[in-house]
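Each remark here refers to the structure printed beneath this line.
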Amino acid sequence: MAGSIYEVAPGGRLAGSLRMPGDKSISHRSVMLGAIAEGETRITGFLEGEDCLATMNALRAMGVPIEGPDAGRVHVRGVGLHGLRAPGAPLDMGNSGTAMRLMAGLLAGQPFDSVLVGDASLSRRPMRRITEPLGRMGARIETSPDGTPPLRIHGGARLRGIRYEMPVASAQVKSAVLLAGLYAQGRTCVIEPAPARDHTERMLEGLGYELRRSEATVCLDGGGRLRAAHIDVPADISSAAFFLVGASIAAGSDLHLRHVGVNPTRTGVLEILRRMGASIEVGAPREAGGEPVADLHVRAAELRGIDIPEALVPLAIDEFPALFVAAACAQGTTRLRGAAELRVKESDRIQVMAEGLQALGVAAEPLPDGIVIEGGRLSGGTVYSHGDHRVAMAFAMAALRAGGPVRILDCDNVNTSFPGFVGLAREAGLAIREIPPGHG
Ligand code: S3P
């Protein structure tokens with residue numbers, strides 16, 4: 001089996017005060033928008049995970065001078081909207097759907113050709129959701145016959161603004177269309193069926209670009225300019241989610257998580273855990289770089305199963321692996337529907353999580369668009385993460401309530417979003433150790 005293995009001894013509790021690494025979504029956008037802004041953008045709190053480094057390296061390959069990252073500090077010398085240069089080779093987006101889809105929007109309006117490639121997981125993920133609206137704008141992008149990467153983007157297309165009603169609530173699709181809209185003639189509008197994260201909109205406004213936003217619609221006119229600014233990236237609530245769940249399920253836990261991004265398009269995990277009976281306090285609410293931030297205080301609680309409201313799905317889309325572990329430790333049944341998107345993430349998170357929970361003795365029934373989980377006792381066992389960072393971290397937390405050791409296979413990709421996870425989890429009280437590839 002390729003990749004490192006996590007071995008987590010059962011039991012324990014989480015305590016202390018931690019700062020999670022930087023927000024992945026905001027970090028991607030900070031270097032992309034900094035690159036096409038005019039002037040020098042200084043970023044603090046940047047996530048030094050492989051996904052965001054892929055975005056950074058792609059921009060470097062297009063001639064953007066970027067220094068760092070150094071302890072979360074990055075310095076981007078923006079080249080302006082029209083200053084990117086043709087890359088000499090295909091741009092490798094690694095494991096990152098965000099990097100590929102946003103980059104495709106940015107590249108659709110460039111005068112040069114480019115090719116975007118990714119790893120085995122990314123090479124299976126659907127790309128027509130962006131090539132279709134970008135094509136309507138006049139972009140010429142080829143995918144494989146089944147709509148997956150690599151993406152071949154033909155330069156020199158003259159883009160025109162469109163009004164696009166998104167079929168799914170996707171921040172990646174919205175952002176790709178808006179980024180292409182910067183290069184389009186006329187007005188580009190995106191209408192979302194439900195709120196998806198709005199970091200792109202907030203950051204564009206923070207860099208001086210005029211947007212028109214109403215409840216479900218965002219519009220911008222092409223041909224403007226972005227002005228460099230300082231961008232402070234808050235800690236990632238998606239990384240915090242593992243610790244929120246771990247502390248909730250492990251008796252005696254009492255944990256503080258500092259400076260966490262609590263943008264209302266991302267806080268579904270707090271709402272769902274609270275409905276399950278979790279004890280989470282949101283303290284010292286403030287703004288940092290145009291994003292709401294707060295300190296979170298979580299204590300152990302008796303969780304109960306719930307029917308998760310569909311309206312909360314896009315607001316917690318990356319947190320379901322962790323939430324499924326919470327459901328497995330809750331009293332009663334948890335039901336999720338309306339979440340078919342989970343099947344096209346870094347892995348098929350419905351299937352992969354159901355199989356992992358079953359391996360730990362939990363009754364979990366996958367549905368086409370969701371899952372039904374019966375809370376109960378967890379045994380020890382071996383779980384396959386399928387190279388999915390969030391699956392690996394979710395099952396690491398499950399060990400807090402397991403009857404024996406939990407072994408999780410193929411954990412290398414935790415570095416895509418959460419470098420230093422093992423160290424921070426140990427600091428908080430999780431009895432986790434990492435066995436390097438080839439030693440397990
Ligand atoms: C992201 C949007 C979400 C999320 C992903 C990051 C972003 O994807 O799952 O991890 O940064 O825009 P979708 O927009 O496809 O739902």
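Each chain in the structure tokens gets a letter, A, B, ..., in the order shown, and its residues are numbered from 1; ligands are numbered from 1 in order too.
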(message) With only C-alpha atoms as the counted atoms, please give the residues lying no more than 10 Å from Gly375 in chain A, apart from itself and same-chain residues fewer than 6 positions off, as a PyMOL selection string.
(response) chain A and resi 303-305+324-334+362-364
Deliver the residues from the most recent selection as a file, using N, CA, C and O atoms, as a short mmCIF file (atom, residue, chain, number, x, y, z; two decimals), in the first residue's frame.
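Saved as part.cif:
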```cif
data_model
loop_
_atom_site.label_atom_id
_atom_site.label_comp_id
_atom_site.auth_asym_id
_atom_site.auth_seq_id
_atom_site.Cartn_x
_atom_site.Cartn_y
_atom_site.Cartn_z
N LEU A 303 -23.85 13.79 21.93
CA LEU A 303 -24.43 14.15 20.63
C LEU A 303 -25.62 13.25 20.33
O LEU A 303 -25.67 12.10 20.76
N ARG A 304 -26.60 13.79 19.58
CA ARG A 304 -27.72 12.97 19.12
C ARG A 304 -27.83 13.07 17.60
O ARG A 304 -27.46 14.10 17.01
N GLY A 305 -28.33 12.00 17.00
CA GLY A 305 -28.49 11.97 15.55
C GLY A 305 -29.56 12.95 15.11
O GLY A 305 -30.51 13.21 15.84
N PHE A 324 -19.67 12.88 9.70
CA PHE A 324 -20.12 11.47 9.71
C PHE A 324 -19.55 10.74 10.92
O PHE A 324 -20.17 9.83 11.48
N VAL A 325 -18.33 11.11 11.31
CA VAL A 325 -17.74 10.51 12.52
C VAL A 325 -18.52 10.96 13.75
O VAL A 325 -18.82 10.16 14.65
N ALA A 326 -18.91 12.24 13.77
CA ALA A 326 -19.75 12.72 14.88
C ALA A 326 -21.05 11.92 14.91
O ALA A 326 -21.50 11.50 15.99
N ALA A 327 -21.64 11.68 13.74
CA ALA A 327 -22.90 10.95 13.67
C ALA A 327 -22.73 9.52 14.19
O ALA A 327 -23.61 8.97 14.86
N ALA A 328 -21.57 8.92 13.89
CA ALA A 328 -21.32 7.55 14.34
C ALA A 328 -21.22 7.48 15.86
O ALA A 328 -21.46 6.43 16.45
N CYS A 329 -20.86 8.60 16.50
CA CYS A 329 -20.72 8.63 17.96
C CYS A 329 -21.96 9.20 18.65
O CYS A 329 -21.98 9.34 19.88
N ALA A 330 -22.98 9.56 17.86
CA ALA A 330 -24.18 10.18 18.43
C ALA A 330 -25.18 9.10 18.80
O ALA A 330 -25.11 7.97 18.31
N GLN A 331 -26.15 9.50 19.63
CA GLN A 331 -27.25 8.59 19.94
C GLN A 331 -28.30 8.73 18.87
O GLN A 331 -28.76 9.84 18.60
N GLY A 332 -28.66 7.59 18.24
CA GLY A 332 -29.73 7.65 17.25
C GLY A 332 -29.20 7.78 15.83
O GLY A 332 -28.00 7.61 15.57
N THR A 333 -30.12 8.10 14.93
CA THR A 333 -29.84 8.05 13.49
C THR A 333 -29.60 9.45 12.92
O THR A 333 -30.32 10.38 13.25
N THR A 334 -28.58 9.55 12.06
CA THR A 334 -28.35 10.79 11.32
C THR A 334 -28.60 10.51 9.85
O THR A 334 -28.12 9.51 9.31
N VAL A 362 -19.73 0.32 12.45
CA VAL A 362 -20.86 1.25 12.47
C VAL A 362 -21.80 0.93 11.31
O VAL A 362 -21.34 0.65 10.20
N ALA A 363 -23.12 0.99 11.56
CA ALA A 363 -24.09 0.78 10.48
C ALA A 363 -24.20 2.08 9.69
O ALA A 363 -24.71 3.08 10.18
N ALA A 364 -23.70 2.05 8.46
CA ALA A 364 -23.74 3.24 7.61
C ALA A 364 -24.22 2.81 6.24
O ALA A 364 -23.62 1.94 5.61
#
```
Would you give me, as a Markdown table, each residue of chain A having an atom within 9 Å of an atom of ligand 1, along with its shortest atom pair and that distance in Å to one decimal, using only C-alpha atoms and all ligand atoms and sorting by chain and residue number?
```
| residue | atom | partner | partner_atom_place_in_ligand_line | distance |
| --- | --- | --- | --- | --- |
| A:Lys24 | CA | ligand 1 | 11 (O) | 6.8 |
| A:Ser25 | CA | ligand 1 | 11 (O) | 3.7 |
| A:Ile26 | CA | ligand 1 | 11 (O) | 7.0 |
| A:Ser27 | CA | ligand 1 | 11 (O) | 8.8 |
| A:His28 | CA | ligand 1 | 11 (O) | 7.3 |
| A:Arg29 | CA | ligand 1 | 11 (O) | 8.0 |
| A:Ser96 | CA | ligand 1 | 10 (O) | 8.2 |
| A:Gly97 | CA | ligand 1 | 5 (C) | 7.1 |
| A:Thr98 | CA | ligand 1 | 11 (O) | 5.3 |
| A:Ala99 | CA | ligand 1 | 11 (O) | 8.2 |
| A:Arg101 | CA | ligand 1 | 12 (O) | 8.6 |
| A:Leu102 | CA | ligand 1 | 12 (O) | 7.8 |
| A:Val168 | CA | ligand 1 | 16 (O) | 8.1 |
| A:Ala169 | CA | ligand 1 | 16 (O) | 6.5 |
| A:Ser170 | CA | ligand 1 | 14 (O) | 3.4 |
| A:Ala171 | CA | ligand 1 | 14 (O) | 3.6 |
| A:Gln172 | CA | ligand 1 | 14 (O) | 3.9 |
| A:Val173 | CA | ligand 1 | 14 (O) | 6.2 |
| A:Lys174 | CA | ligand 1 | 14 (O) | 7.6 |
| A:Ser175 | CA | ligand 1 | 12 (O) | 6.9 |
| A:Ala196 | CA | ligand 1 | 14 (O) | 6.8 |
| A:Arg197 | CA | ligand 1 | 12 (O) | 6.6 |
| A:Asp198 | CA | ligand 1 | 12 (O) | 8.2 |
| A:His199 | CA | ligand 1 | 12 (O) | 7.8 |
| A:Thr200 | CA | ligand 1 | 12 (O) | 8.0 |
| A:Ser238 | CA | ligand 1 | 10 (O) | 8.7 |
| A:Pro314 | CA | ligand 1 | 16 (O) | 6.8 |
| A:Ala316 | CA | ligand 1 | 9 (O) | 8.7 |
| A:Ile317 | CA | ligand 1 | 9 (O) | 5.7 |
| A:Asp318 | CA | ligand 1 | 9 (O) | 5.2 |
| A:Glu319 | CA | ligand 1 | 9 (O) | 8.9 |
| A:Glu341 | CA | ligand 1 | 16 (O) | 7.2 |
| A:Leu342 | CA | ligand 1 | 9 (O) | 8.4 |
| A:Val344 | CA | ligand 1 | 15 (O) | 8.7 |
| A:Lys345 | CA | ligand 1 | 9 (O) | 6.9 |
| A:Glu346 | CA | ligand 1 | 10 (O) | 8.7 |
```
For the residues in the current selection, export C-alpha atoms as a PDB file, in the first residue's frame.
```pdb
ATOM      1  CA  LYS A  24      -7.217  26.800   1.859  1.00  0.00           C
ATOM      2  CA  SER A  25      -9.853  28.582  -0.237  1.00  0.00           C
ATOM      3  CA  ILE A  26      -8.663  32.042   0.776  1.00  0.00           C
ATOM      4  CA  SER A  27      -4.979  31.110   0.323  1.00  0.00           C
ATOM      5  CA  HIS A  28      -5.559  29.984  -3.306  1.00  0.00           C
ATOM      6  CA  ARG A  29      -7.375  33.218  -4.067  1.00  0.00           C
ATOM      7  CA  SER A  96      -6.575  20.405  -6.113  1.00  0.00           C
ATOM      8  CA  GLY A  97      -9.947  20.920  -7.779  1.00  0.00           C
ATOM      9  CA  THR A  98      -9.982  24.539  -6.626  1.00  0.00           C
ATOM     10  CA  ALA A  99      -6.613  25.254  -8.223  1.00  0.00           C
ATOM     11  CA  ARG A 101     -11.115  25.200 -11.818  1.00  0.00           C
ATOM     12  CA  LEU A 102     -10.188  28.726 -10.729  1.00  0.00           C
ATOM     13  CA  VAL A 168     -25.250  23.394  -8.481  1.00  0.00           C
ATOM     14  CA  ALA A 169     -24.148  25.701  -5.671  1.00  0.00           C
ATOM     15  CA  SER A 170     -20.437  25.681  -6.441  1.00  0.00           C
ATOM     16  CA  ALA A 171     -17.968  28.364  -5.400  1.00  0.00           C
ATOM     17  CA  GLN A 172     -15.424  26.925  -7.810  1.00  0.00           C
ATOM     18  CA  VAL A 173     -17.755  27.332 -10.793  1.00  0.00           C
ATOM     19  CA  LYS A 174     -18.852  30.800  -9.639  1.00  0.00           C
ATOM     20  CA  SER A 175     -15.223  31.859  -9.172  1.00  0.00           C
ATOM     21  CA  ALA A 196     -21.717  28.978  -1.948  1.00  0.00           C
ATOM     22  CA  ARG A 197     -18.595  30.392  -0.285  1.00  0.00           C
ATOM     23  CA  ASP A 198     -18.014  34.011  -1.323  1.00  0.00           C
ATOM     24  CA  HIS A 199     -14.275  34.475  -0.730  1.00  0.00           C
ATOM     25  CA  THR A 200     -13.632  35.452  -4.361  1.00  0.00           C
ATOM     26  CA  SER A 238     -12.524  23.073   7.480  1.00  0.00           C
ATOM     27  CA  PRO A 314     -23.302  23.774   0.647  1.00  0.00           C
ATOM     28  CA  ALA A 316     -20.639  22.448   5.241  1.00  0.00           C
ATOM     29  CA  ILE A 317     -19.659  20.660   2.030  1.00  0.00           C
ATOM     30  CA  ASP A 318     -16.069  19.851   3.053  1.00  0.00           C
ATOM     31  CA  GLU A 319     -16.913  18.964   6.642  1.00  0.00           C
ATOM     32  CA  GLU A 341     -21.619  16.542  -4.702  1.00  0.00           C
ATOM     33  CA  LEU A 342     -19.784  14.520  -2.057  1.00  0.00           C
ATOM     34  CA  VAL A 344     -17.115  13.960  -6.826  1.00  0.00           C
ATOM     35  CA  LYS A 345     -14.733  15.378  -4.229  1.00  0.00           C
ATOM     36  CA  GLU A 346     -11.130  14.195  -3.725  1.00  0.00           C
TER      37      GLU A 346
END
```
(request) Fewer than 3 positions away in the same chain doesn't count, so skip those; otherwise give me all residues within 12 Å of Ile130 in chain A, counting only C-alpha atoms, as a PyMOL selection string. (result) chain A and resi 97-98+100-106+108+125-127+133-137+139-143+147-149+151+164+166-168+170-180
(message) With only C-alpha atoms as the counted atoms, please give the residues lying no more than 8 Å from range 1-15 of chain A, apart from itself and same-chain residues fewer than 2 positions off, as a ChimeraX atom specification.
(response) /A:17,243,246-247,250-256,380,396,399-412,428-438,440
(request) Please report, as a ChimeraX atom specification, each residue of range 61-227 of chain A to which DSSP assigns strand (DSSP E or B) when run on this structure's backbone. (result) /A:66-70,73-79,91-92,114-117,140-142,151-154,160,163-165,185,187-191,212-213,217-221,227
